[in-house]
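Structure file data.txt (compact mmCIF, C-alpha atoms and all ligand atoms) is printed below.
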# COMPACT_ATOMS: atom_id res chain seq x y z
CA MET A 1 79.96 130.56 135.43
CA ARG A 2 81.58 127.26 136.30
CA MET A 3 80.21 125.00 139.01
CA GLY A 4 82.47 126.53 141.66
CA GLY A 5 81.05 130.01 141.11
CA ARG A 6 77.50 128.67 141.15
CA LEU A 7 78.18 126.84 144.40
CA ALA A 8 79.68 129.97 145.99
CA ALA A 9 76.64 131.97 144.85
CA ALA A 10 74.27 129.38 146.34
CA MET A 11 76.13 129.65 149.68
CA GLU A 12 75.74 133.43 149.55
CA VAL A 13 72.00 133.12 148.94
CA LEU A 14 71.61 130.51 151.70
CA ALA A 15 73.41 132.84 154.13
CA ASP A 16 71.03 135.63 153.14
CA ILE A 17 67.96 133.40 153.65
CA ASP A 18 69.16 132.29 157.09
CA GLY A 19 70.58 135.62 158.20
CA ARG A 20 67.58 137.72 157.28
CA GLN A 21 64.87 135.06 157.54
CA ARG A 22 63.86 135.77 153.96
CA PRO A 23 61.83 133.71 151.52
CA ALA A 24 64.11 131.77 149.15
CA ALA A 25 62.50 133.19 145.99
CA GLU A 26 63.11 136.75 147.19
CA ALA A 27 66.76 136.11 148.10
CA LEU A 28 67.39 134.45 144.71
CA ARG A 29 65.72 137.31 142.86
CA ASP A 30 67.88 139.87 144.67
CA TRP A 31 71.03 137.87 143.97
CA GLY A 32 70.10 137.78 140.28
CA GLY A 33 69.46 141.54 140.27
CA ALA A 34 72.87 142.22 141.75
CA HIS A 35 74.69 139.80 139.39
CA ARG A 36 73.32 140.62 135.96
CA PHE A 37 76.18 138.80 134.23
CA ALA A 38 74.77 135.45 135.41
CA GLY A 39 72.90 133.71 132.58
CA GLY A 40 69.70 131.66 132.72
CA GLY A 41 71.60 128.40 133.13
CA ASP A 42 73.59 129.83 136.06
CA ARG A 43 70.48 131.09 137.79
CA ALA A 44 68.72 127.75 137.34
CA ALA A 45 71.70 125.83 138.76
CA ILE A 46 72.07 128.21 141.73
CA GLY A 47 68.33 128.02 142.41
CA ASN A 48 68.44 124.23 142.28
CA ILE A 49 71.30 124.05 144.78
CA VAL A 50 69.50 126.47 147.12
CA TYR A 51 66.16 124.63 146.94
CA ASP A 52 67.80 121.21 147.25
CA ALA A 53 69.77 122.45 150.27
CA LEU A 54 66.58 123.70 151.92
CA ARG A 55 64.69 120.51 151.16
CA ARG A 56 67.51 118.38 152.58
CA ARG A 57 68.69 120.79 155.27
CA ARG A 58 68.64 118.30 158.11
CA SER A 59 70.40 115.49 156.26
CA ALA A 60 72.95 117.86 154.71
CA GLY A 61 73.66 119.24 158.20
CA TRP A 62 74.06 115.71 159.53
CA LEU A 63 76.59 114.84 156.81
CA PHE A 64 78.77 117.76 157.90
CA ASP A 65 77.99 117.96 161.63
CA GLY A 66 76.65 121.50 161.21
CA ASP A 67 74.28 123.42 158.98
CA SER A 68 76.37 126.33 157.70
CA PRO A 69 75.52 127.54 154.16
CA ARG A 70 78.70 125.75 153.03
CA ALA A 71 77.53 122.44 154.52
CA LEU A 72 74.04 122.83 153.05
CA ALA A 73 75.23 123.66 149.54
CA PHE A 74 77.82 120.85 149.45
CA GLY A 75 75.20 118.57 151.02
CA ALA A 76 72.77 119.36 148.19
CA LEU A 77 75.31 118.19 145.62
CA LEU A 78 76.04 115.01 147.56
CA LEU A 79 72.46 114.12 148.39
CA GLU A 80 70.50 115.28 145.36
CA TRP A 81 72.94 115.73 142.50
CA GLY A 82 74.60 112.32 142.96
CA GLU A 83 78.09 113.81 143.33
CA THR A 84 80.87 112.28 145.42
CA PRO A 85 83.30 114.26 147.61
CA ASP A 86 86.17 113.48 145.22
CA ALA A 87 84.16 114.51 142.18
CA ILE A 88 83.21 117.78 143.88
CA ASN A 89 86.82 118.60 144.72
CA ALA A 90 87.92 117.76 141.18
CA MET A 91 85.18 120.05 139.84
CA LEU A 92 86.34 122.98 142.01
CA ASP A 93 90.01 122.55 141.16
CA GLY A 94 91.41 125.59 139.34
CA ASP A 95 88.15 127.59 139.59
CA LYS A 96 89.08 130.91 141.18
CA PHE A 97 85.45 131.72 142.01
CA ALA A 98 84.89 128.40 143.80
CA PRO A 99 84.63 128.05 147.59
CA PRO A 100 87.57 126.27 149.25
CA PRO A 101 87.44 122.54 148.45
CA LEU A 102 86.31 119.96 150.99
CA GLU A 103 89.01 119.77 153.65
CA GLU A 104 90.47 116.70 155.31
CA ASP A 105 88.34 117.15 158.48
CA GLU A 106 85.16 117.45 156.42
CA LEU A 107 86.14 114.51 154.23
CA ARG A 108 86.72 112.33 157.29
CA ILE A 109 83.23 112.97 158.71
CA LEU A 110 81.71 112.63 155.25
CA ARG A 111 83.31 109.24 154.64
CA GLU A 112 81.89 107.98 157.92
CA ARG A 113 78.42 109.48 157.46
CA LEU A 114 77.99 108.57 153.79
CA ALA A 115 78.66 104.95 154.69
CA ALA A 116 76.19 104.96 157.63
CA ASP A 117 72.38 104.67 157.66
CA MET A 118 70.73 107.99 158.35
CA PRO A 119 68.54 107.96 161.46
CA ASP A 120 64.83 108.39 160.67
CA GLU A 121 64.65 111.85 162.21
CA VAL A 122 67.50 112.95 159.91
CA ARG A 123 66.29 111.50 156.62
CA ALA A 124 62.80 112.85 157.36
CA ASP A 125 64.30 116.32 156.83
CA CYS A 126 61.66 118.06 158.91
CA PRO A 127 61.74 120.33 161.96
CA ASP A 128 61.92 118.32 165.21
CA TRP A 129 58.62 119.63 166.54
CA SER A 130 56.78 118.35 163.46
CA ALA A 131 58.13 114.76 163.60
CA PRO A 132 55.46 113.53 166.08
CA LEU A 133 52.76 115.10 163.88
CA LEU A 134 54.08 113.28 160.81
CA ARG A 135 54.32 110.07 162.83
CA SER A 136 50.70 110.42 163.84
CA ALA A 137 49.64 111.21 160.25
CA PHE A 138 51.55 108.40 158.53
CA GLY A 139 52.28 105.78 161.20
CA GLU A 140 55.39 103.66 160.78
CA ASN A 141 56.06 104.99 157.24
CA TRP A 142 56.38 108.51 158.57
CA ALA A 143 60.09 108.97 157.74
CA ASP A 144 59.63 107.70 154.16
CA GLU A 145 56.67 110.03 153.71
CA ALA A 146 58.54 112.98 155.20
CA ALA A 147 61.56 112.18 153.00
CA ALA A 148 59.28 112.17 149.95
CA LEU A 149 58.19 115.69 150.96
CA ALA A 150 61.89 116.65 150.69
CA ARG A 151 62.37 115.55 147.07
CA ARG A 152 62.17 117.62 143.90
CA PRO A 153 58.59 117.97 142.64
CA PRO A 154 57.28 117.43 139.11
CA LEU A 155 55.58 120.17 137.12
CA ASP A 156 51.89 119.32 136.80
CA LEU A 157 49.38 120.88 134.42
CA ARG A 158 45.61 120.44 134.09
CA ALA A 159 44.20 120.26 130.58
CA ASN A 160 41.36 122.77 130.46
CA LEU A 161 38.39 120.82 129.14
CA LEU A 162 36.71 124.06 128.13
CA LYS A 163 39.40 124.40 125.48
CA CYS A 164 40.99 121.00 124.85
CA GLU A 165 41.32 117.34 125.79
CA ARG A 166 44.35 115.94 127.57
CA ASP A 167 45.58 114.04 124.50
CA THR A 168 45.62 117.21 122.41
CA LEU A 169 47.58 118.98 125.13
CA LEU A 170 50.02 116.08 125.40
CA ALA A 171 50.63 116.28 121.66
CA ALA A 172 51.18 120.05 121.86
CA LEU A 173 53.69 119.58 124.69
CA SER A 174 55.39 116.49 123.27
CA ALA A 175 58.79 118.23 123.14
CA THR A 176 58.72 118.72 126.92
CA GLY A 177 58.54 115.02 127.82
CA ALA A 178 55.06 115.56 129.30
CA ASP A 179 53.05 112.47 130.19
CA ALA A 180 49.56 111.76 131.54
CA THR A 181 49.24 111.88 135.34
CA GLY A 182 48.51 108.58 137.08
CA ILE A 183 45.31 109.52 138.91
CA ALA A 184 43.83 112.86 137.85
CA PRO A 185 41.99 112.32 134.55
CA HIS A 186 42.97 115.61 132.93
CA GLY A 187 46.47 115.98 134.39
CA VAL A 188 49.75 116.20 132.54
CA ARG A 189 53.08 115.73 134.26
CA ILE A 190 56.58 116.86 133.40
CA ALA A 191 58.97 114.84 135.58
CA PRO A 192 61.13 116.46 138.27
CA ILE A 193 64.24 118.14 136.89
CA GLU A 194 67.65 116.60 137.33
CA GLY A 195 70.91 118.25 138.35
CA SER A 196 71.19 121.79 137.03
CA GLY A 197 68.20 121.45 134.68
CA ARG A 198 65.05 123.49 134.71
CA HIS A 199 61.48 122.80 133.72
CA PRO A 200 60.42 124.15 130.35
CA ASN A 201 58.74 127.54 130.61
CA VAL A 202 55.38 126.19 129.49
CA GLN A 203 53.62 129.40 130.46
CA ALA A 204 55.52 131.25 127.74
CA GLY A 205 54.02 129.07 125.00
CA GLU A 206 50.97 129.35 122.77
CA ALA A 207 49.06 126.56 124.51
CA PHE A 208 49.08 128.50 127.78
CA ALA A 209 48.20 131.83 126.16
CA GLU A 210 45.22 130.11 124.54
CA GLY A 211 44.02 128.79 127.90
CA ARG A 212 44.47 125.13 127.05
CA PHE A 213 45.96 124.35 130.46
CA GLU A 214 46.57 125.64 133.96
CA VAL A 215 49.58 124.87 136.11
CA GLN A 216 48.11 122.85 138.99
CA ASP A 217 49.54 120.08 141.13
CA GLU A 218 47.86 116.73 140.56
CA GLY A 219 46.77 116.69 144.22
CA SER A 220 44.93 119.95 143.74
CA GLN A 221 43.27 118.51 140.62
CA ILE A 222 42.23 115.39 142.54
CA VAL A 223 40.57 117.28 145.40
CA SER A 224 38.76 119.47 142.86
CA GLU A 225 37.41 116.31 141.17
CA LEU A 226 36.37 114.83 144.50
CA ALA A 227 34.20 117.90 145.20
CA GLY A 228 31.91 116.45 142.50
CA ALA A 229 30.82 119.70 140.81
CA ARG A 230 28.52 119.00 137.88
CA PRO A 231 26.96 121.16 135.15
CA GLY A 232 24.12 123.32 136.48
CA MET A 233 25.18 123.34 140.14
CA GLN A 234 25.49 126.39 142.40
CA VAL A 235 28.94 126.38 144.01
CA LEU A 236 30.62 128.70 146.49
CA ASP A 237 34.42 128.64 146.50
CA TYR A 238 34.72 130.26 149.92
CA CYS A 239 38.53 130.63 150.02
CA ALA A 240 39.08 131.11 146.31
CA GLY A 241 42.40 132.99 146.43
CA ALA A 242 43.88 133.17 142.95
CA GLY A 243 41.15 130.82 141.70
CA GLY A 244 42.99 127.57 140.97
CA LYS A 245 40.12 125.42 142.27
CA SER A 246 37.39 127.71 140.84
CA LEU A 247 38.84 127.18 137.36
CA ALA A 248 38.97 123.40 137.82
CA LEU A 249 35.35 123.38 139.04
CA SER A 250 34.28 125.56 136.12
CA ALA A 251 35.75 123.06 133.65
CA ALA A 252 34.08 120.16 135.51
CA MET A 253 30.77 122.04 135.25
CA ARG A 254 31.33 122.63 131.51
CA ASN A 255 30.61 126.30 132.08
CA GLN A 256 27.05 125.54 133.20
CA GLY A 257 25.67 126.61 136.58
CA GLN A 258 27.37 129.18 138.80
CA ILE A 259 30.54 129.45 140.84
CA PHE A 260 30.85 132.26 143.36
CA ALA A 261 34.49 133.02 144.13
CA HIS A 262 34.95 134.50 147.59
CA ASP A 263 38.01 135.34 149.68
CA ALA A 264 38.34 137.30 152.91
CA LEU A 265 41.27 139.17 151.37
CA LYS A 266 39.85 140.76 148.24
CA PRO A 267 43.24 141.51 146.62
CA ARG A 268 43.97 137.76 146.62
CA LEU A 269 41.17 137.35 144.08
CA ALA A 270 42.75 139.78 141.60
CA PRO A 271 44.52 137.20 139.37
CA ILE A 272 41.19 135.41 138.78
CA VAL A 273 39.98 137.98 136.27
CA GLU A 274 42.80 137.35 133.82
CA ARG A 275 42.73 133.59 134.43
CA ILE A 276 38.97 133.37 133.80
CA LYS A 277 39.41 135.20 130.50
CA ARG A 278 42.25 132.96 129.35
CA ALA A 279 40.47 129.75 130.39
CA GLY A 280 37.19 130.70 128.68
CA SER A 281 35.28 130.25 131.97
CA ARG A 282 31.91 131.95 131.83
CA ASN A 283 30.34 130.72 135.06
CA ILE A 284 32.61 132.25 137.72
CA GLN A 285 31.61 135.44 139.43
CA ILE A 286 33.40 137.18 142.24
CA ALA A 287 31.48 137.41 145.53
CA ALA A 288 33.89 139.34 147.70
CA GLY A 289 31.64 141.15 150.15
CA ALA A 290 28.92 140.35 152.67
CA SER A 291 26.23 141.83 150.41
CA GLU A 292 27.10 139.33 147.67
CA LEU A 293 27.35 136.41 150.08
CA GLY A 294 24.14 137.10 152.00
CA PRO A 295 21.73 135.86 149.30
CA LEU A 296 23.68 132.60 148.97
CA GLU A 297 22.78 131.32 152.46
CA ASP A 298 21.23 127.82 152.44
CA ARG A 299 21.39 127.79 148.63
CA MET A 300 24.65 126.17 147.56
CA ASP A 301 24.95 122.63 146.18
CA ILE A 302 28.64 122.70 147.12
CA VAL A 303 30.62 124.99 149.38
CA LEU A 304 34.33 124.42 148.89
CA VAL A 305 36.55 125.50 151.78
CA ASP A 306 40.13 125.41 150.51
CA ALA A 307 41.30 126.62 153.89
CA PRO A 308 44.38 128.62 154.81
CA CYS A 309 46.77 126.06 156.31
CA THR A 310 50.40 125.43 157.18
CA GLY A 311 51.08 124.22 153.62
CA SER A 312 53.05 121.28 155.00
CA GLY A 313 51.90 119.27 151.96
CA THR A 314 53.76 121.65 149.66
CA TRP A 315 57.18 121.47 151.35
CA ARG A 316 58.66 120.05 148.12
CA ARG A 317 57.88 123.30 146.33
CA ARG A 318 58.44 125.78 149.18
CA PRO A 319 61.07 124.16 151.39
CA ASP A 320 62.01 127.44 153.10
CA THR A 321 58.55 127.54 154.72
CA LYS A 322 59.24 124.14 156.29
CA TRP A 323 61.94 125.58 158.54
CA ARG A 324 60.11 128.81 159.33
CA LEU A 325 56.86 127.15 160.39
CA THR A 326 56.22 127.06 164.14
CA ARG A 327 53.83 125.19 166.40
CA GLN A 328 52.26 128.56 167.24
CA GLN A 329 51.51 129.19 163.58
CA LEU A 330 49.97 125.74 163.27
CA ASP A 331 47.72 126.50 166.25
CA ALA A 332 46.69 129.81 164.67
CA ARG A 333 45.79 128.05 161.38
CA ILE A 334 43.74 125.41 163.24
CA ALA A 335 41.70 128.12 165.00
CA GLU A 336 41.19 129.99 161.71
CA GLN A 337 40.08 126.84 159.89
CA ALA A 338 37.45 126.09 162.55
CA GLU A 339 36.09 129.62 162.30
CA ILE A 340 35.98 129.50 158.50
CA LEU A 341 34.24 126.12 158.44
CA ASP A 342 31.55 127.42 160.80
CA MET A 343 31.04 130.52 158.65
CA ALA A 344 31.04 128.66 155.34
CA ALA A 345 28.62 125.94 156.49
CA ARG A 346 25.68 128.38 156.49
CA TYR A 347 25.76 128.59 152.68
CA VAL A 348 25.24 124.85 152.11
CA LYS A 349 21.67 123.97 151.14
CA PRO A 350 19.93 121.00 152.80
CA GLY A 351 21.29 117.96 150.98
CA GLY A 352 24.27 119.98 149.74
CA LEU A 353 27.96 119.36 150.39
CA LEU A 354 30.58 121.11 152.48
CA ALA A 355 33.92 120.15 150.93
CA TYR A 356 36.89 120.85 153.20
CA VAL A 357 40.37 120.94 151.67
CA THR A 358 43.87 121.69 152.93
CA CYS A 359 47.33 121.34 151.43
CA SER A 360 48.62 120.08 154.77
CA VAL A 361 49.48 116.57 155.94
CA PHE A 362 48.90 117.25 159.66
CA ALA A 363 45.91 115.42 161.17
CA GLU A 364 45.12 118.39 163.39
CA GLU A 365 44.34 120.48 160.31
CA ASN A 366 42.65 117.61 158.51
CA GLY A 367 40.63 114.71 159.93
CA GLU A 368 40.71 116.10 163.46
CA GLN A 369 39.48 119.45 162.20
CA ALA A 370 36.62 117.77 160.33
CA GLU A 371 35.71 115.69 163.39
CA ALA A 372 35.70 118.77 165.62
CA PHE A 373 33.38 120.50 163.14
CA LEU A 374 30.94 117.58 163.23
CA GLU A 375 30.89 117.71 167.02
CA ARG A 376 30.36 121.47 167.04
CA VAL A 377 27.85 121.93 164.22
CA PRO A 378 24.79 119.71 164.01
CA GLY A 379 23.22 118.68 160.70
CA PHE A 380 26.23 117.37 158.72
CA THR A 381 27.38 113.80 158.09
CA PRO A 382 30.66 112.63 156.57
CA GLN A 383 30.50 110.92 153.19
CA ASP A 384 31.81 107.43 152.56
CA HIS A 385 35.22 108.47 151.29
CA ALA A 386 36.25 104.99 150.14
CA ALA A 387 33.19 104.90 147.87
CA LEU A 388 33.78 108.47 146.73
CA TRP A 389 37.39 107.67 145.81
CA LYS A 390 36.36 104.52 143.93
CA HIS A 391 33.65 106.41 142.08
CA HIS A 392 35.99 109.15 140.88
CA PHE A 393 39.16 107.12 140.40
CA PRO A 394 38.24 103.52 139.59
CA GLY A 395 41.25 101.21 139.56
CA GLN A 396 43.17 103.45 141.96
CA GLU A 397 41.98 101.77 145.16
CA GLY A 398 44.63 101.66 147.86
CA ARG A 399 46.51 104.69 146.54
CA ALA A 400 45.16 107.41 148.86
CA GLY A 401 44.84 107.38 152.65
CA ILE A 402 41.13 106.95 153.35
CA GLY A 403 39.43 107.52 156.70
CA MET A 404 37.64 110.62 157.86
CA GLY A 405 38.45 112.09 154.44
CA VAL A 406 41.01 111.43 151.72
CA SER A 407 44.72 112.07 152.26
CA LEU A 408 47.21 112.50 149.44
CA SER A 409 50.97 112.78 149.74
CA PRO A 410 54.13 112.52 147.61
CA GLY A 411 54.83 109.08 149.11
CA ARG A 412 51.34 107.67 148.59
CA THR A 413 49.97 109.34 145.49
CA GLY A 414 52.99 111.10 143.99
CA THR A 415 51.25 114.43 144.52
CA ASP A 416 51.67 117.29 146.94
CA GLY A 417 50.14 116.58 150.34
CA PHE A 418 46.40 117.35 150.26
CA TYR A 419 43.39 116.54 152.40
CA PHE A 420 39.76 116.37 151.27
CA CYS A 421 36.67 115.77 153.36
CA ALA A 422 33.06 115.84 152.12
CA LEU A 423 30.36 116.57 154.69
CA ARG A 424 26.74 116.30 153.54
CA ARG A 425 24.16 118.63 155.08
CA THR A 426 21.22 116.55 156.21
C1 LIG B 501 44.78 127.81 150.32
S1 LIG B 501 44.47 129.45 149.90
C2 LIG B 501 43.34 129.30 148.56
C3 LIG B 501 43.91 128.78 147.27
C4 LIG B 501 42.92 128.78 146.13
N1 LIG B 501 41.66 128.14 146.49
C5 LIG B 501 43.45 128.10 144.89
O1 LIG B 501 43.10 126.96 144.60
O2 LIG B 501 44.24 128.75 144.17
C6 LIG B 501 43.46 129.99 151.21
C7 LIG B 501 42.78 131.31 150.99
O3 LIG B 501 41.91 131.53 152.12
C8 LIG B 501 41.78 132.90 152.30
N2 LIG B 501 41.21 133.18 153.63
C9 LIG B 501 41.85 133.32 154.81
N3 LIG B 501 40.98 133.55 155.81
C10 LIG B 501 39.74 133.52 155.24
C11 LIG B 501 38.43 133.71 155.76
N4 LIG B 501 38.21 133.94 157.05
N5 LIG B 501 37.40 133.63 154.90
C12 LIG B 501 37.61 133.39 153.58
N6 LIG B 501 38.83 133.23 153.03
C13 LIG B 501 39.89 133.29 153.85
C14 LIG B 501 43.18 133.43 152.08
O4 LIG B 501 43.16 134.79 151.76
C15 LIG B 501 43.68 132.53 150.94
O5 LIG B 501 43.54 133.17 149.70
Show the structure stored in the file as structure tokens.
Ligand SMILES: C[S@@+](CC[C@H](N)C(=O)[O-])C[C@H]1O[C@@H](n2cnc3c(N)ncnc32)[C@H](O)[C@@H]1O
Amino acid sequence: MRMGGRLAAAMEVLADIDGRQRPAAEALRDWGGAHRFAGGGDRAAIGNIVYDALRRRRSAGWLFDGDSPRALAFGALLLEWGETPDAINAMLDGDKFAPPPLEEDELRILRERLAADMPDEVRADCPDWSAPLLRSAFGENWADEAAALARRPPLDLRANLLKCERDTLLAALSATGADATGIAPHGVRIAPIEGSGRHPNVQAGEAFAEGRFEVQDEGSQIVSELAGARPGMQVLDYCAGAGGKSLALSAAMRNQGQIFAHDALKPRLAPIVERIKRAGSRNIQIAAGASELGPLEDRMDIVLVDAPCTGSGTWRRRPDTKWRLTRQQLDARIAEQAEILDMAARYVKPGGLLAYVTCSVFAEENGEQAEAFLERVPGFTPQDHAALWKHHFPGQEGRAGIGMGVSLSPGRTGTDGFYFCALRRT
């Protein structure tokens, strides 16, 4: 396929996503199923245009005075692929599968808009209702931070210390352009893709099959480190899901001590079994039901609550969720988080730690949630997060947002948006 056909396909997928309110991955998969002739390179390019268009939906719409699939797809090329209107029209010339080229009316608006400064609320590329929340989370930098949440993400891996050191992994992945992450001590980063490129399929290689790494955003690695799990501890991962944090904790504990992986939705835990085997983790056991949790009350050194949240910190990776999220859903998550914190707190032993984590950047899910917990539940005190950060990441002072907890974001730390708060039971 030439670029014109790829662009037309991306418009078709964007129309499907908008028309049927479908997740982007699902719409792209269905398009691929119905167009078997499209090769891997075509699919990657179409996927990139679709994801770029969703990340930059607001600014693409502003460039064209409307957010039709056509405007979004052309906008993606202009904003993210570094194309110019003339270059796009030249590219489409003579391609019978291409959408109609940019017309005079569109070119006129584009010339004006491309020469102007985008207003903050446009370049922030976020839903209107969320702008005040981002402003309150980030202060005057809010539009830069929001814009950073609308850029392409890197591919981050965590070297699994149970199997290998980071340097060995870096050597094994040298052909991929992988480099050490800036903050997380065991992280490896493959830079964001450019244009129609795609990240190498690292999970198809030997190093992955042998359990030498996990795919895990650097932010997720950092919050796992901050939890401070050490060999011999008893740890409850209360919202373990597919086990990403459990595996990181297991490596930090060098397979010594015990991690209980719990989740309210038992099927969510299913992938853990295979992941534990591959990673060589021997200290994770599933504690799905009340009968397994009961004996853990007042006994845990650390209870990690990686709470269900809006996922606003992961908008780079799942930009379709950004536009589907509503204030009502945020309110529902906040209520759920409070309930989960109250339930999980009972498992912390005196002197133990309740570690609260979200992949959101909204204060209401983060610091405000932690503060509300402290007001509601006696017997916990917040840790000194500046000292905690310095202890775990010496030389990185000033990188994270520190207050009632630690806040990470693409703008500040080059990671997904994450929040961590450590509350010590007195
Ligand atoms: C952010 S995800 C966990 C991700 C996981 N820790 C990881 O690192 O891969 C949140 C998880 O909380 C679970 N959950 C939702 N409500 C819960 C509850 N009341 N108690 C325990 N887990 C809950 C969800 O099923 C979901 O798997």
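Among the candidates A:His385, A:Arg56, A:His186, A:Arg113, the residue lying nearest to A:Glu80 is A:Arg56 (atoms considered: all atoms listed in the file).
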Point to revise | Minimum-distance residue to A:Asp301, chosen among A:Ala143, A:Ala207, A:Met233, A:Val202 (using only C-alpha atoms) | key: A:Met233
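A straight line drawn from atom CA of A:Ala76 to atom CA of A:Thr310 is 24.9 Å long.
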Please tabulate, as CSV, the residues of chain A that come within 6 Å of ligand LIG 501 (chain B), each with its closest pair of atoms and the distance in Å to one decimal, counting all atoms listed in the file and ordering rows by chain, then residue number upward.
residue,atom,partner,partner_atom,distance
A:Tyr238,CA,B:LIG501,C12,5.6
A:Cys239,CA,B:LIG501,N6,4.0
A:Ala240,CA,B:LIG501,N1,3.9
A:Gly241,CA,B:LIG501,O5,3.5
A:Ala242,CA,B:LIG501,O2,4.6
A:Gly243,CA,B:LIG501,O2,4.5
A:Gly244,CA,B:LIG501,O2,3.6
A:Lys245,CA,B:LIG501,O1,4.1
A:Asp263,CA,B:LIG501,N6,4.0
A:Ala264,CA,B:LIG501,C12,4.0
A:Leu265,CA,B:LIG501,O4,4.8
A:Arg268,CA,B:LIG501,O5,5.5
A:Asp306,CA,B:LIG501,N1,5.1
A:Ala307,CA,B:LIG501,C6,4.8
A:Pro308,CA,B:LIG501,C6,4.0
A:Ile340,CA,B:LIG501,N4,5.2
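If only C-alpha atoms are the atoms counted, then among A:Pro69, A:Gly395, A:Gly403, A:Pro101 the closest residue to A:Gly19 is A:Pro69.
The smallest atom-to-atom distance between A:Arg424 and any of A:Asp120, A:Asp144, A:Asp384, A:Glu106, using all atoms listed in the file, is found for A:Asp384.
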Check your understanding: Counting only C-alpha atoms, what is within 9 Å of A:Ala344, bar same-chain residues fewer than 4 positions away, as a PyMOL selection string?
Key -> chain A and resi 236+238+303-305+339-340+348+354
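Close contacts of A:Ile193, defined as residues with an atom at most 12 Å away when counting all atoms listed in the file, with chain neighbours fewer than 5 positions off set aside, comprise Ala44, Ala45, Asn48, Asp52, Glu80, Trp81, Arg151, Arg152, Pro153, Pro154, Leu155, Thr176, Gly177, Arg198, His199 and Pro200 of chain A.
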Review point. In terms of the shortest atom-to-atom distance over all atoms listed in the file, which of A:Gly219, A:Gly228, A:Gly32, A:Gly75 is closest to A:Arg57?
Key: A:Gly75
Exercise for review: Fewer than 4 positions away in the same chain doesn't count, so skip those; otherwise give me all residues within 6 Å of stretch 283-287 of chain A, counting only C-alpha atoms, as number ranges by chain.
Suggested key: A: 255, 258-262, 292
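A straight line drawn from atom CA of A:Ala15 to atom CA of A:Asp320 is 12.7 Å long.
Pairwise distance (atom CA of A:Arg333, atom CA of A:Leu269) equals 20.2 Å.
If you count only C-alpha atoms and draw a sphere of 12 Å around (41.5, 104.4, 146.5), the protein and nucleic acid residues inside it come out as Ile183, Ile222, Leu226, Asp384, His385, Ala386, Ala387, Leu388, Trp389, Lys390, His391, His392, Phe393, Pro394, Gly395, Gln396, Glu397, Gly398, Arg399, Ala400, Gly401, Ile402, Gly403, Gly405, Val406, Ser407, Leu408, Arg412 and Thr413 of chain A.
Among A:Met253, A:Ile302, A:Ala146, A:Ala248, the residue with the shortest atom-to-atom distance to A:Asp416, counting only C-alpha atoms, is A:Ala146.
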**Study point:** Contact residues around stretch 82-89 of chain A with all atoms listed in the file at 10 Å, ignoring same-chain residues under 5 positions, as an MDAnalysis selection string
**Key:** chainID A and resid 3:4 74:77 94 100:103 106:107 110:111 114 194:195
Could you write out the selected residues, including C-alpha atoms, as a compact mmCIF listing (two decimals), in the frame of the given file?
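And here's selection_37.txt as it stands now:
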# COMPACT_ATOMS: atom_id res chain seq x y z
CA MET A 3 80.21 125.00 139.01
CA GLY A 4 82.47 126.53 141.66
CA PHE A 74 77.82 120.85 149.45
CA GLY A 75 75.20 118.57 151.02
CA ALA A 76 72.77 119.36 148.19
CA LEU A 77 75.31 118.19 145.62
CA GLY A 94 91.41 125.59 139.34
CA PRO A 100 87.57 126.27 149.25
CA PRO A 101 87.44 122.54 148.45
CA LEU A 102 86.31 119.96 150.99
CA GLU A 103 89.01 119.77 153.65
CA GLU A 106 85.16 117.45 156.42
CA LEU A 107 86.14 114.51 154.23
CA LEU A 110 81.71 112.63 155.25
CA ARG A 111 83.31 109.24 154.64
CA LEU A 114 77.99 108.57 153.79
CA GLU A 194 67.65 116.60 137.33
CA GLY A 195 70.91 118.25 138.35
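Using only C-alpha atoms, the residues found no farther than 8 Å from A:Leu133, other than those of its own chain fewer than 4 positions away, are Trp129, Ala137, Phe362 and Ala363 of chain A.
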Around all of stretch 67-73 of chain A's listed atoms, make the axis-aligned box with 4 Å on each side and tell me centre and edge lengths in Å to one decimal, as JSON.
{"center_x": 76.4, "center_y": 125.0, "center_z": 154.3, "size_x": 12.7, "size_y": 13.1, "size_z": 17.4}
